[in-house]
Every structure is written in C-alpha cells, then in structure tokens.
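Below: final18.pdb (PDB, C-alpha atoms, pLDDT in the B column)
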```
ATOM      1  CA  ARG A 811     -13.112  12.666   5.969  1.00 71.00           C
ATOM      2  CA  LYS A 812     -10.565  10.201   4.605  1.00 80.00           C
ATOM      3  CA  GLU A 813      -6.894  11.079   4.760  1.00 86.00           C
ATOM      4  CA  VAL A 814      -6.478  10.624   1.010  1.00 93.00           C
ATOM      5  CA  GLU A 815      -9.212  11.012  -1.581  1.00 94.00           C
ATOM      6  CA  GLN A 816      -8.934   9.881  -5.169  1.00 94.00           C
ATOM      7  CA  ASP A 817     -11.359   9.633  -8.046  1.00 86.00           C
ATOM      8  CA  PRO A 818     -11.586   5.854  -8.537  1.00 85.00           C
ATOM      9  CA  GLY A 819     -12.278   6.210 -12.266  1.00 87.00           C
ATOM     10  CA  PRO A 820     -12.104   4.117 -14.326  1.00 93.00           C
ATOM     11  CA  PHE A 821     -10.287   6.170 -16.897  1.00 95.00           C
ATOM     12  CA  ASN A 822     -10.327   4.614 -20.360  1.00 96.00           C
ATOM     13  CA  VAL A 823      -8.014   6.292 -22.851  1.00 97.00           C
ATOM     14  CA  PRO A 824      -6.517   5.411 -26.246  1.00 97.00           C
ATOM     15  CA  GLU A 825      -2.834   4.807 -26.716  1.00 98.00           C
ATOM     16  CA  GLY A 826      -0.948   8.052 -27.067  1.00 98.00           C
ATOM     17  CA  ALA A 827      -3.380  10.056 -24.981  1.00 98.00           C
ATOM     18  CA  THR A 828      -2.446  12.272 -22.061  1.00 98.00           C
ATOM     19  CA  VAL A 829      -4.259  11.523 -18.824  1.00 97.00           C
ATOM     20  CA  ALA A 830      -4.164  13.216 -15.435  1.00 96.00           C
ATOM     21  CA  PHE A 831      -5.087  11.885 -12.002  1.00 94.00           C
ATOM     22  CA  ASN A 832      -5.797  14.009  -8.985  1.00 94.00           C
ATOM     23  CA  CYS A 833      -5.660  13.371  -5.300  1.00 95.00           C
ATOM     24  CA  THR A 834      -6.411  15.449  -2.223  1.00 96.00           C
ATOM     25  CA  TYR A 835      -5.157  14.906   1.304  1.00 94.00           C
ATOM     26  CA  SER A 836      -6.687  16.086   4.544  1.00 92.00           C
ATOM     27  CA  ASN A 837      -3.756  16.785   6.850  1.00 89.00           C
ATOM     28  CA  SER A 838      -1.883  19.950   5.986  1.00 90.00           C
ATOM     29  CA  ALA A 839       1.101  18.785   8.041  1.00 87.00           C
ATOM     30  CA  SER A 840       1.815  15.823   5.752  1.00 88.00           C
ATOM     31  CA  GLN A 841       5.329  16.051   4.359  1.00 86.00           C
ATOM     32  CA  SER A 842       5.882  13.089   2.090  1.00 88.00           C
ATOM     33  CA  PHE A 843       3.933  12.166  -0.997  1.00 92.00           C
ATOM     34  CA  PHE A 844       4.165   9.315  -3.459  1.00 94.00           C
ATOM     35  CA  TRP A 845       2.450   7.655  -6.371  1.00 96.00           C
ATOM     36  CA  TYR A 846       2.364   3.867  -6.361  1.00 96.00           C
ATOM     37  CA  ARG A 847       1.202   1.638  -9.180  1.00 97.00           C
ATOM     38  CA  GLN A 848      -0.700  -1.603  -8.680  1.00 96.00           C
ATOM     39  CA  ASP A 849      -1.323  -4.040 -11.509  1.00 95.00           C
ATOM     40  CA  CYS A 850      -4.360  -6.295 -11.348  1.00 92.00           C
ATOM     41  CA  ARG A 851      -3.915  -8.924  -8.621  1.00 88.00           C
ATOM     42  CA  LYS A 852      -0.375  -7.775  -7.949  1.00 93.00           C
ATOM     43  CA  GLU A 853       1.304  -5.894  -5.134  1.00 94.00           C
ATOM     44  CA  PRO A 854       1.738  -2.105  -5.170  1.00 95.00           C
ATOM     45  CA  LYS A 855       5.064  -0.746  -6.400  1.00 94.00           C
ATOM     46  CA  LEU A 856       6.521   2.732  -6.034  1.00 93.00           C
ATOM     47  CA  LEU A 857       6.121   4.735  -9.232  1.00 95.00           C
ATOM     48  CA  MET A 858       7.579   8.016  -8.071  1.00 94.00           C
ATOM     49  CA  SER A 859       7.979  10.345  -5.145  1.00 92.00           C
ATOM     50  CA  VAL A 860       6.364  13.774  -5.355  1.00 93.00           C
ATOM     51  CA  TYR A 861       8.554  16.745  -4.580  1.00 88.00           C
ATOM     52  CA  SER A 862       7.472  20.266  -3.699  1.00 88.00           C
ATOM     53  CA  SER A 863       8.872  21.691  -6.918  1.00 87.00           C
ATOM     54  CA  GLY A 864       7.243  19.020  -9.044  1.00 88.00           C
ATOM     55  CA  ASN A 865       9.181  16.280 -10.749  1.00 93.00           C
ATOM     56  CA  GLU A 866       9.257  14.356 -13.970  1.00 95.00           C
ATOM     57  CA  ASP A 867      10.296  10.830 -14.814  1.00 94.00           C
ATOM     58  CA  GLY A 868      10.049  10.151 -18.515  1.00 96.00           C
ATOM     59  CA  ARG A 869       6.398  10.321 -19.507  1.00 98.00           C
ATOM     60  CA  PHE A 870       5.261  10.809 -15.902  1.00 98.00           C
ATOM     61  CA  THR A 871       5.002  14.166 -14.153  1.00 97.00           C
ATOM     62  CA  ALA A 872       4.003  14.643 -10.535  1.00 97.00           C
ATOM     63  CA  GLN A 873       2.897  17.938  -9.023  1.00 96.00           C
ATOM     64  CA  LEU A 874       2.203  19.015  -5.460  1.00 96.00           C
ATOM     65  CA  ASN A 875       0.085  21.979  -4.419  1.00 94.00           C
ATOM     66  CA  ARG A 876       0.439  22.375  -0.662  1.00 93.00           C
ATOM     67  CA  ALA A 877      -1.934  25.319  -0.430  1.00 93.00           C
ATOM     68  CA  SER A 878      -4.747  23.258  -1.927  1.00 94.00           C
ATOM     69  CA  GLN A 879      -3.500  19.961  -0.457  1.00 94.00           C
ATOM     70  CA  TYR A 880      -3.608  18.485  -3.901  1.00 94.00           C
ATOM     71  CA  ILE A 881      -1.350  16.068  -5.758  1.00 96.00           C
ATOM     72  CA  SER A 882      -1.479  15.213  -9.429  1.00 96.00           C
ATOM     73  CA  LEU A 883       0.027  12.668 -11.775  1.00 97.00           C
ATOM     74  CA  LEU A 884       0.204  13.316 -15.514  1.00 97.00           C
ATOM     75  CA  ILE A 885       0.937  10.533 -17.960  1.00 98.00           C
ATOM     76  CA  ARG A 886       1.844  11.568 -21.492  1.00 98.00           C
ATOM     77  CA  ASP A 887       1.808   9.365 -24.572  1.00 98.00           C
ATOM     78  CA  SER A 888      -0.034   6.557 -22.777  1.00 98.00           C
ATOM     79  CA  LYS A 889       1.071   2.985 -23.472  1.00 98.00           C
ATOM     80  CA  LEU A 890      -0.946  -0.200 -23.161  1.00 97.00           C
ATOM     81  CA  SER A 891       1.413  -1.178 -20.356  1.00 97.00           C
ATOM     82  CA  ASP A 892       0.317   1.854 -18.330  1.00 98.00           C
ATOM     83  CA  SER A 893      -2.997   0.096 -17.616  1.00 97.00           C
ATOM     84  CA  ALA A 894      -3.067  -0.305 -13.841  1.00 97.00           C
ATOM     85  CA  THR A 895      -4.415   1.259 -10.667  1.00 96.00           C
ATOM     86  CA  TYR A 896      -2.548   4.344  -9.491  1.00 97.00           C
ATOM     87  CA  LEU A 897      -2.440   4.872  -5.738  1.00 96.00           C
ATOM     88  CA  CYS A 898      -1.886   8.277  -4.182  1.00 96.00           C
ATOM     89  CA  VAL A 899       0.087   7.929  -0.943  1.00 94.00           C
ATOM     90  CA  VAL A 900       0.652  10.435   1.861  1.00 91.00           C
ATOM     91  CA  ASN A 901       2.491  10.078   5.150  1.00 85.00           C
ATOM     92  CA  ARG A 902       0.868  10.570   8.542  1.00 78.00           C
ATOM     93  CA  PRO A 903       2.418  13.599  10.209  1.00 73.00           C
ATOM     94  CA  GLY A 904       4.086  13.045  13.549  1.00 66.00           C
ATOM     95  CA  SER A 905       4.459   9.394  12.730  1.00 58.00           C
ATOM     96  CA  THR A 906       7.196   7.296  11.321  1.00 56.00           C
ATOM     97  CA  LEU A 907       7.551   7.892   7.626  1.00 51.00           C
ATOM     98  CA  GLY A 908       6.325   4.440   6.898  1.00 54.00           C
ATOM     99  CA  ARG A 909       2.890   5.072   8.287  1.00 75.00           C
ATOM    100  CA  LEU A 910       1.617   5.838   4.845  1.00 84.00           C
ATOM    101  CA  TYR A 911      -1.999   6.431   3.950  1.00 87.00           C
ATOM    102  CA  PHE A 912      -3.024   4.999   0.600  1.00 92.00           C
ATOM    103  CA  GLY A 913      -5.894   6.335  -1.447  1.00 94.00           C
ATOM    104  CA  ARG A 914      -8.319   3.832  -2.923  1.00 94.00           C
ATOM    105  CA  GLY A 915      -6.617   4.165  -6.287  1.00 95.00           C
ATOM    106  CA  THR A 916      -7.573   5.368  -9.741  1.00 95.00           C
ATOM    107  CA  GLN A 917      -8.001   2.695 -12.368  1.00 95.00           C
ATOM    108  CA  LEU A 918      -6.564   3.357 -15.823  1.00 96.00           C
ATOM    109  CA  THR A 919      -7.168   1.313 -18.940  1.00 97.00           C
ATOM    110  CA  VAL A 920      -5.287   2.209 -22.108  1.00 97.00           C
ATOM    111  CA  TRP A 921      -6.805   0.722 -25.242  1.00 96.00           C
ATOM    112  CA  PRO A 922      -5.185   0.215 -28.652  1.00 95.00           C
TER     113      PRO A 922
ATOM    114  CA  ASP B 586      14.631 -14.173  -5.429  1.00 54.00           C
ATOM    115  CA  THR B 587      15.591 -11.527  -2.886  1.00 72.00           C
ATOM    116  CA  GLY B 588      12.235  -9.780  -2.704  1.00 93.00           C
ATOM    117  CA  VAL B 589       9.658  -9.862   0.069  1.00 96.00           C
ATOM    118  CA  SER B 590       8.047 -13.271   0.364  1.00 96.00           C
ATOM    119  CA  GLN B 591       4.790 -14.166   2.060  1.00 97.00           C
ATOM    120  CA  ASP B 592       3.336 -17.494   3.019  1.00 97.00           C
ATOM    121  CA  PRO B 593       0.794 -18.873   2.467  1.00 97.00           C
ATOM    122  CA  ARG B 594      -0.361 -17.122  -0.674  1.00 96.00           C
ATOM    123  CA  HIS B 595      -3.926 -18.277  -0.146  1.00 97.00           C
ATOM    124  CA  LYS B 596      -5.762 -19.424   2.947  1.00 98.00           C
ATOM    125  CA  ILE B 597      -9.363 -20.559   3.206  1.00 98.00           C
ATOM    126  CA  THR B 598     -10.647 -21.112   6.699  1.00 97.00           C
ATOM    127  CA  LYS B 599     -13.882 -21.455   8.607  1.00 97.00           C
ATOM    128  CA  ARG B 600     -15.138 -18.736  10.871  1.00 97.00           C
ATOM    129  CA  GLY B 601     -13.713 -19.068  14.362  1.00 97.00           C
ATOM    130  CA  GLN B 602     -10.437 -20.676  13.322  1.00 98.00           C
ATOM    131  CA  ASN B 603      -7.023 -19.131  13.873  1.00 98.00           C
ATOM    132  CA  VAL B 604      -4.698 -18.326  10.985  1.00 98.00           C
ATOM    133  CA  THR B 605      -1.085 -17.226  10.817  1.00 98.00           C
ATOM    134  CA  PHE B 606       0.738 -15.505   7.981  1.00 98.00           C
ATOM    135  CA  ARG B 607       4.473 -15.247   7.604  1.00 98.00           C
ATOM    136  CA  CYS B 608       6.508 -12.533   5.922  1.00 98.00           C
ATOM    137  CA  ASP B 609      10.202 -12.656   5.048  1.00 97.00           C
ATOM    138  CA  PRO B 610      11.404  -9.139   4.223  1.00 95.00           C
ATOM    139  CA  ILE B 611      14.375  -8.128   2.110  1.00 94.00           C
ATOM    140  CA  SER B 612      17.328  -8.999   4.310  1.00 90.00           C
ATOM    141  CA  GLU B 613      18.914  -5.572   4.697  1.00 86.00           C
ATOM    142  CA  HIS B 614      15.599  -3.817   5.367  1.00 89.00           C
ATOM    143  CA  ASN B 615      15.063  -2.977   9.026  1.00 89.00           C
ATOM    144  CA  ARG B 616      11.454  -1.805   8.709  1.00 90.00           C
ATOM    145  CA  LEU B 617       8.541  -4.126   8.152  1.00 93.00           C
ATOM    146  CA  TYR B 618       4.887  -3.272   7.673  1.00 94.00           C
ATOM    147  CA  TRP B 619       1.589  -5.119   7.491  1.00 95.00           C
ATOM    148  CA  TYR B 620      -1.261  -3.746   5.436  1.00 95.00           C
ATOM    149  CA  ARG B 621      -4.699  -5.117   4.605  1.00 96.00           C
ATOM    150  CA  GLN B 622      -6.396  -4.573   1.266  1.00 96.00           C
ATOM    151  CA  THR B 623      -9.937  -5.326   0.197  1.00 95.00           C
ATOM    152  CA  LEU B 624     -11.337  -5.180  -3.314  1.00 91.00           C
ATOM    153  CA  GLY B 625     -11.553  -1.664  -4.698  1.00 89.00           C
ATOM    154  CA  GLN B 626      -9.703  -0.111  -1.790  1.00 92.00           C
ATOM    155  CA  GLY B 627      -6.139   0.931  -1.196  1.00 93.00           C
ATOM    156  CA  PRO B 628      -3.960  -0.829   1.380  1.00 93.00           C
ATOM    157  CA  GLU B 629      -4.845  -0.010   5.010  1.00 91.00           C
ATOM    158  CA  PHE B 630      -2.020   0.243   7.532  1.00 89.00           C
ATOM    159  CA  LEU B 631      -2.142  -2.368  10.283  1.00 92.00           C
ATOM    160  CA  THR B 632       1.185  -2.319  12.074  1.00 92.00           C
ATOM    161  CA  TYR B 633       4.869  -1.542  11.722  1.00 89.00           C
ATOM    162  CA  PHE B 634       8.168  -2.867  13.102  1.00 92.00           C
ATOM    163  CA  GLN B 635      11.583  -1.364  13.236  1.00 89.00           C
ATOM    164  CA  ASN B 636      13.884  -4.321  13.757  1.00 90.00           C
ATOM    165  CA  GLU B 637      12.129  -6.411  16.432  1.00 91.00           C
ATOM    166  CA  ALA B 638      10.214  -3.527  18.018  1.00 91.00           C
ATOM    167  CA  GLN B 639       6.556  -3.067  17.117  1.00 90.00           C
ATOM    168  CA  LEU B 640       6.347   0.715  16.993  1.00 86.00           C
ATOM    169  CA  GLU B 641       2.840   1.402  15.755  1.00 84.00           C
ATOM    170  CA  LYS B 642      -0.433  -0.409  15.647  1.00 86.00           C
ATOM    171  CA  SER B 643      -3.559   0.780  13.878  1.00 86.00           C
ATOM    172  CA  ARG B 644      -6.923   0.938  15.600  1.00 82.00           C
ATOM    173  CA  LEU B 645      -7.988  -1.443  12.833  1.00 76.00           C
ATOM    174  CA  LEU B 646      -5.999  -4.127  14.597  1.00 81.00           C
ATOM    175  CA  SER B 647      -8.400  -5.592  17.138  1.00 86.00           C
ATOM    176  CA  ASP B 648      -7.364  -7.785  20.039  1.00 91.00           C
ATOM    177  CA  ARG B 649      -7.796 -10.798  17.776  1.00 95.00           C
ATOM    178  CA  PHE B 650      -4.813  -9.662  15.713  1.00 95.00           C
ATOM    179  CA  SER B 651      -1.231 -10.016  16.871  1.00 95.00           C
ATOM    180  CA  ALA B 652       2.021  -9.502  15.030  1.00 96.00           C
ATOM    181  CA  GLU B 653       5.548 -10.391  15.978  1.00 95.00           C
ATOM    182  CA  ARG B 654       8.978  -9.987  14.528  1.00 95.00           C
ATOM    183  CA  PRO B 655      11.350 -12.015  16.674  1.00 91.00           C
ATOM    184  CA  LYS B 656      15.027 -11.238  16.127  1.00 86.00           C
ATOM    185  CA  GLY B 657      14.108  -8.512  13.672  1.00 85.00           C
ATOM    186  CA  SER B 658      13.968 -10.835  10.706  1.00 91.00           C
ATOM    187  CA  PHE B 659      10.768 -12.532   9.536  1.00 96.00           C
ATOM    188  CA  SER B 660       7.385 -11.493  10.902  1.00 97.00           C
ATOM    189  CA  THR B 661       4.135 -13.305  11.629  1.00 97.00           C
ATOM    190  CA  LEU B 662       0.604 -11.968  11.701  1.00 97.00           C
ATOM    191  CA  GLU B 663      -1.901 -14.089  13.586  1.00 97.00           C
ATOM    192  CA  ILE B 664      -5.645 -13.675  13.482  1.00 97.00           C
ATOM    193  CA  GLN B 665      -7.567 -15.501  16.181  1.00 97.00           C
ATOM    194  CA  ARG B 666     -11.237 -16.473  15.971  1.00 97.00           C
ATOM    195  CA  THR B 667     -11.510 -15.324  12.379  1.00 97.00           C
ATOM    196  CA  GLU B 668     -14.635 -13.537  11.200  1.00 96.00           C
ATOM    197  CA  GLN B 669     -15.969 -13.159   7.668  1.00 96.00           C
ATOM    198  CA  GLY B 670     -15.012  -9.490   7.762  1.00 95.00           C
ATOM    199  CA  ASP B 671     -11.365 -10.535   8.046  1.00 96.00           C
ATOM    200  CA  SER B 672     -11.438 -11.777   4.453  1.00 97.00           C
ATOM    201  CA  ALA B 673      -8.897  -9.645   2.608  1.00 97.00           C
ATOM    202  CA  MET B 674      -5.436  -9.582   1.110  1.00 97.00           C
ATOM    203  CA  TYR B 675      -2.799  -9.195   3.812  1.00 98.00           C
ATOM    204  CA  LEU B 676       0.238  -7.414   2.440  1.00 97.00           C
ATOM    205  CA  CYS B 677       3.668  -7.273   3.996  1.00 97.00           C
ATOM    206  CA  ALA B 678       6.183  -4.629   2.990  1.00 95.00           C
ATOM    207  CA  SER B 679       9.733  -3.826   3.965  1.00 93.00           C
ATOM    208  CA  GLU B 680      11.744  -0.647   3.752  1.00 88.00           C
ATOM    209  CA  ARG B 681      15.418   0.202   4.104  1.00 77.00           C
ATOM    210  CA  GLY B 682      15.674   3.289   6.248  1.00 76.00           C
ATOM    211  CA  ALA B 683      13.012   5.963   5.921  1.00 74.00           C
ATOM    212  CA  THR B 684      12.742   6.488   2.190  1.00 77.00           C
ATOM    213  CA  GLY B 685       9.025   5.946   1.797  1.00 78.00           C
ATOM    214  CA  GLU B 686       9.736   3.258  -0.781  1.00 85.00           C
ATOM    215  CA  LEU B 687       7.969   0.168   0.439  1.00 90.00           C
ATOM    216  CA  PHE B 688       8.677  -3.148  -1.224  1.00 93.00           C
ATOM    217  CA  PHE B 689       5.566  -5.277  -0.981  1.00 95.00           C
ATOM    218  CA  GLY B 690       5.252  -9.021  -1.059  1.00 96.00           C
ATOM    219  CA  GLU B 691       2.626 -10.643  -3.261  1.00 95.00           C
ATOM    220  CA  GLY B 692       0.276 -10.914  -0.314  1.00 96.00           C
ATOM    221  CA  SER B 693      -1.602 -13.606   1.543  1.00 97.00           C
ATOM    222  CA  ARG B 694      -5.234 -13.830   0.517  1.00 97.00           C
ATOM    223  CA  LEU B 695      -7.553 -14.876   3.342  1.00 98.00           C
ATOM    224  CA  THR B 696     -11.067 -16.162   2.762  1.00 98.00           C
ATOM    225  CA  VAL B 697     -13.173 -16.820   5.839  1.00 98.00           C
ATOM    226  CA  LEU B 698     -16.236 -18.959   5.169  1.00 96.00           C
TER     227      LEU B 698
END
```

Output the file's structure as structure tokens, nothing else.
Amino acid sequence: RKEVEQDPGPFNVPEGATVAFNCTYSNSASQSFFWYRQDCRKEPKLLMSVYSSGNEDGRFTAQLNRASQYISLLIRDSKLSDSATYLCVVNRPGSTLGRLYFGRGTQLTVWP
Amino acid sequence: DTGVSQDPRHKITKRGQNVTFRCDPISEHNRLYWYRQTLGQGPEFLTYFQNEAQLEKSRLLSDRFSAERPKGSFSTLEIQRTEQGDSAMYLCASERGATGELFFGEGSRLTVL
C-alpha cells in the first residue's frame, strides 16, 4: 500500500464552483501534513499546512481526520487560476521532517 | 533571483553515459533534498542533506546514484551508467529549519535514449 493515496482526477469544474479533494495516508504515526500545488511543467509549491483543528486560508480549507487517516482540501469559489495539480504530502514518522511522502496529485481544471 | 536553481534544465544522453546535476539552494537554508518525478506521479524522495551531511538515502537510490554537498552549500547528483528508466525530472528543494516548507527548483529533466 502506498504511503499517500489520492484520487488523480481530473476534476473539471466551472468558475465559482466548490471542489473538494481527499487523501488518505497509511502510517498512523505521521504527524505533519501539507497540501502542495504544482502547475503544469512547474515545480511544486507549498499551498498550506494542515493542522489538527483544521485551518482556512482565504478560499482554501484543509481538514485532518486522524482516526480515519484522511486529509481533505476544499476550494470555494474556484478561479481559473486554481487550475493545477494538488499534491497531498505527509511526513515519514521517525524520520527527519523533510522526508515527505507526496501523493500522485489530483488534477483540477477550472473552466470559464 | 534568490530561489533554488538547478543546472542543467534539460539533459539528453545515451544509455550508459554518466550525468551530473547541480543544485544551488537558497543561501540560508541548511537542508537540501533531491526528489525524482515522472509523468503523472508525485515527487519521490531520493536523498537529504543537513548542511554537508547526507542523512537519509532512499532505497530508490541505487549504487549508480551518488549525491554530495561539499561545504554545505551547493549539491550535485550524479547518475552513472544511465538507463532508460532513469528518465525523469530531478527536483532539488531546500528548507530552512524543519518547517516542512520545501522550496523547489525548476528541476533538471533527464532523457536517456
């Protein structure tokens, strides 16, 4: 079983829509969780960290469910510029924080 | 530009040749990582340095792969006797402290013919 599993999509939504991505991780001892964004043919960039209590950054909301080992990202009022691949990222327990496992990514296309 | 820079951006080589990639991290970042990414997949961890010390190495990194970070500044990743399966984007990232925020370079794309 892979450390991080994501639905690869693609998700195609109209501008203004709300879209949610899910991710599951295999190691219950993982402590740090992130969402990264990767534009086509570009490098990944940190979108947001995911905290136990859930956190929001503008139109983006991240949730963590430790019991189910499940992470979600909700994007409200989608913009054309949100089109990208969203990578779910989890740390490897017992390792340096930087040993991060990346999911394969979920592709989002927002159309006008 | 004070971001992470990688060189070369593209490399085409014949099977069996050696290639070397260079990464210059953000200057105040003491951690440096190498990842490999193939089409449709997320980045796969290869190895990690804290300053000049190579602290972790993935099982993905066969004996043909070697990475160095002399003096804790730039890093090199060398692949010897390249194989077609080595074709991928090689990403370098740096991190200040242990925040989990990795700053990636634009990558070095390797094509092995």

Report task. Can you turn the ChimeraX specification (/A :<9) & /B into a concrete residue list for this file, as a PyMOL selection string? Result -> chain B and resi 616-618+625-630+632-633+640-641+676+680+683-692

Query raised in the report: If the PyMOL selection byres ((chain B and resi 653-659) around 6) is run on the structure shown, which residues does it catch, given as a ChimeraX atom specification?
Result: /B:608-609,636-637,652,660-661

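The residue set within 9 Å of Thr587 (chain B), counting only C-alpha atoms and dropping same-chain residues fewer than 4 places from it, reads Pro610, Ile611 and Ser612 of chain B.
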
Query raised in the report: Do you know which residues the PyMOL selection byres ((chain A and resi 820) around 6) returns on this file, as number ranges by chain?
Result: A: 819, 821, 917-918

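What separates CA of Ala830 (chain A) from CA of Ser882 (chain A) is a distance of 6.9 Å.
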
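If all atoms listed in the file are the atoms counted, then among B:Arg644, B:Arg681, B:Arg600, B:Arg607 the closest residue to Ser693 (chain B) is B:Arg607.
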
Report task. Compile the contact shell of region 662-674 of chain B as a PyMOL selection string: residues with an atom at most 7 Å away, counting only C-alpha atoms, same-chain residues fewer than 3 positions apart removed. Result -> chain B and resi 600-607+621-623+649-653+692-698

Same residues, C-alpha atoms, saved as a PDB file, in the frame of the given file:
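The resulting file, out.pdb, is shown below:
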```pdb
ATOM      1  CA  ARG B 600     -15.138 -18.736  10.871  1.00 97.00           C
ATOM      2  CA  GLY B 601     -13.713 -19.068  14.362  1.00 97.00           C
ATOM      3  CA  GLN B 602     -10.437 -20.676  13.322  1.00 98.00           C
ATOM      4  CA  ASN B 603      -7.023 -19.131  13.873  1.00 98.00           C
ATOM      5  CA  VAL B 604      -4.698 -18.326  10.985  1.00 98.00           C
ATOM      6  CA  THR B 605      -1.085 -17.226  10.817  1.00 98.00           C
ATOM      7  CA  PHE B 606       0.738 -15.505   7.981  1.00 98.00           C
ATOM      8  CA  ARG B 607       4.473 -15.247   7.604  1.00 98.00           C
ATOM      9  CA  ARG B 621      -4.699  -5.117   4.605  1.00 96.00           C
ATOM     10  CA  GLN B 622      -6.396  -4.573   1.266  1.00 96.00           C
ATOM     11  CA  THR B 623      -9.937  -5.326   0.197  1.00 95.00           C
ATOM     12  CA  ARG B 649      -7.796 -10.798  17.776  1.00 95.00           C
ATOM     13  CA  PHE B 650      -4.813  -9.662  15.713  1.00 95.00           C
ATOM     14  CA  SER B 651      -1.231 -10.016  16.871  1.00 95.00           C
ATOM     15  CA  ALA B 652       2.021  -9.502  15.030  1.00 96.00           C
ATOM     16  CA  GLU B 653       5.548 -10.391  15.978  1.00 95.00           C
ATOM     17  CA  GLY B 692       0.276 -10.914  -0.314  1.00 96.00           C
ATOM     18  CA  SER B 693      -1.602 -13.606   1.543  1.00 97.00           C
ATOM     19  CA  ARG B 694      -5.234 -13.830   0.517  1.00 97.00           C
ATOM     20  CA  LEU B 695      -7.553 -14.876   3.342  1.00 98.00           C
ATOM     21  CA  THR B 696     -11.067 -16.162   2.762  1.00 98.00           C
ATOM     22  CA  VAL B 697     -13.173 -16.820   5.839  1.00 98.00           C
ATOM     23  CA  LEU B 698     -16.236 -18.959   5.169  1.00 96.00           C
TER      24      LEU B 698
END
```

Report task. Compile the contact shell of Val920 (chain A) as JSON, numbers by chain: residues with an atom at most 6 Å away, counting all atoms listed in the file, same-chain residues fewer than 3 positions apart removed. Result -> {"A": [822, 823, 824, 825, 890, 893]}

Report task. Determine the nearest neighbour of Val589 (chain B) from the options B:Tyr620, B:Asp648, B:His614, B:Gln635, counting only C-alpha atoms. Result -> B:His614

Requested in this report: Can you work out which one of B:Leu624, B:Lys599, B:Asp592, B:Trp619 has the shortest atom-to-atom distance to Leu645 (chain B), counting only C-alpha atoms?
Outcome: B:Trp619

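Counting from CA of Ser863 (chain A), the distance to CA of Asn837 (chain A) is 19.3 Å.
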
**Report entry** Interatomic distance (Å, one decimal) between CA of Asp887 (chain A) and CA of Thr828 (chain A)
**Finding:** 5.7 Å

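The residue that comes closest to Tyr675 (chain B), out of B:Gln639, B:Leu631, B:Asn615, B:Ile597 and on the basis of only C-alpha atoms, is B:Leu631.
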
**Report entry** Residue neighbourhood region 874-878 of chain A, 7 Å, only C-alpha atoms, exclusion window fewer than 4 positions, as a PyMOL selection string
**Finding:** chain A and resi 860-862+864+882

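By all atoms listed in the file, and with residues fewer than 4 positions from Ser836 (chain A) along its chain excluded, the set lying at most 8 Å from it is Arg811, Lys812, Glu813, Val814 and Gln879 of chain A.
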
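Proximity to Ser888 (chain A) was assessed for A:Pro922, A:Ala872, A:Gly826, A:Tyr835 counting only C-alpha atoms; the smallest distance is recorded for A:Gly826.
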
Quick one: 5 Å padding each side, axis-aligned, all listed atoms of region 595-612 of chain B - centre and edge lengths in Å to one decimal, as lines of an AutoDock Vina configuration file?
```
center_x = 1.1
center_y = -14.8
center_z = 7.1
size_x = 42.5
size_y = 23.3
size_z = 24.5
```

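The smallest atom-to-atom distance between Arg869 (chain A) and any of A:Cys850, A:Gln841, A:Trp921, A:Asp892, using all atoms listed in the file, is found for A:Asp892.
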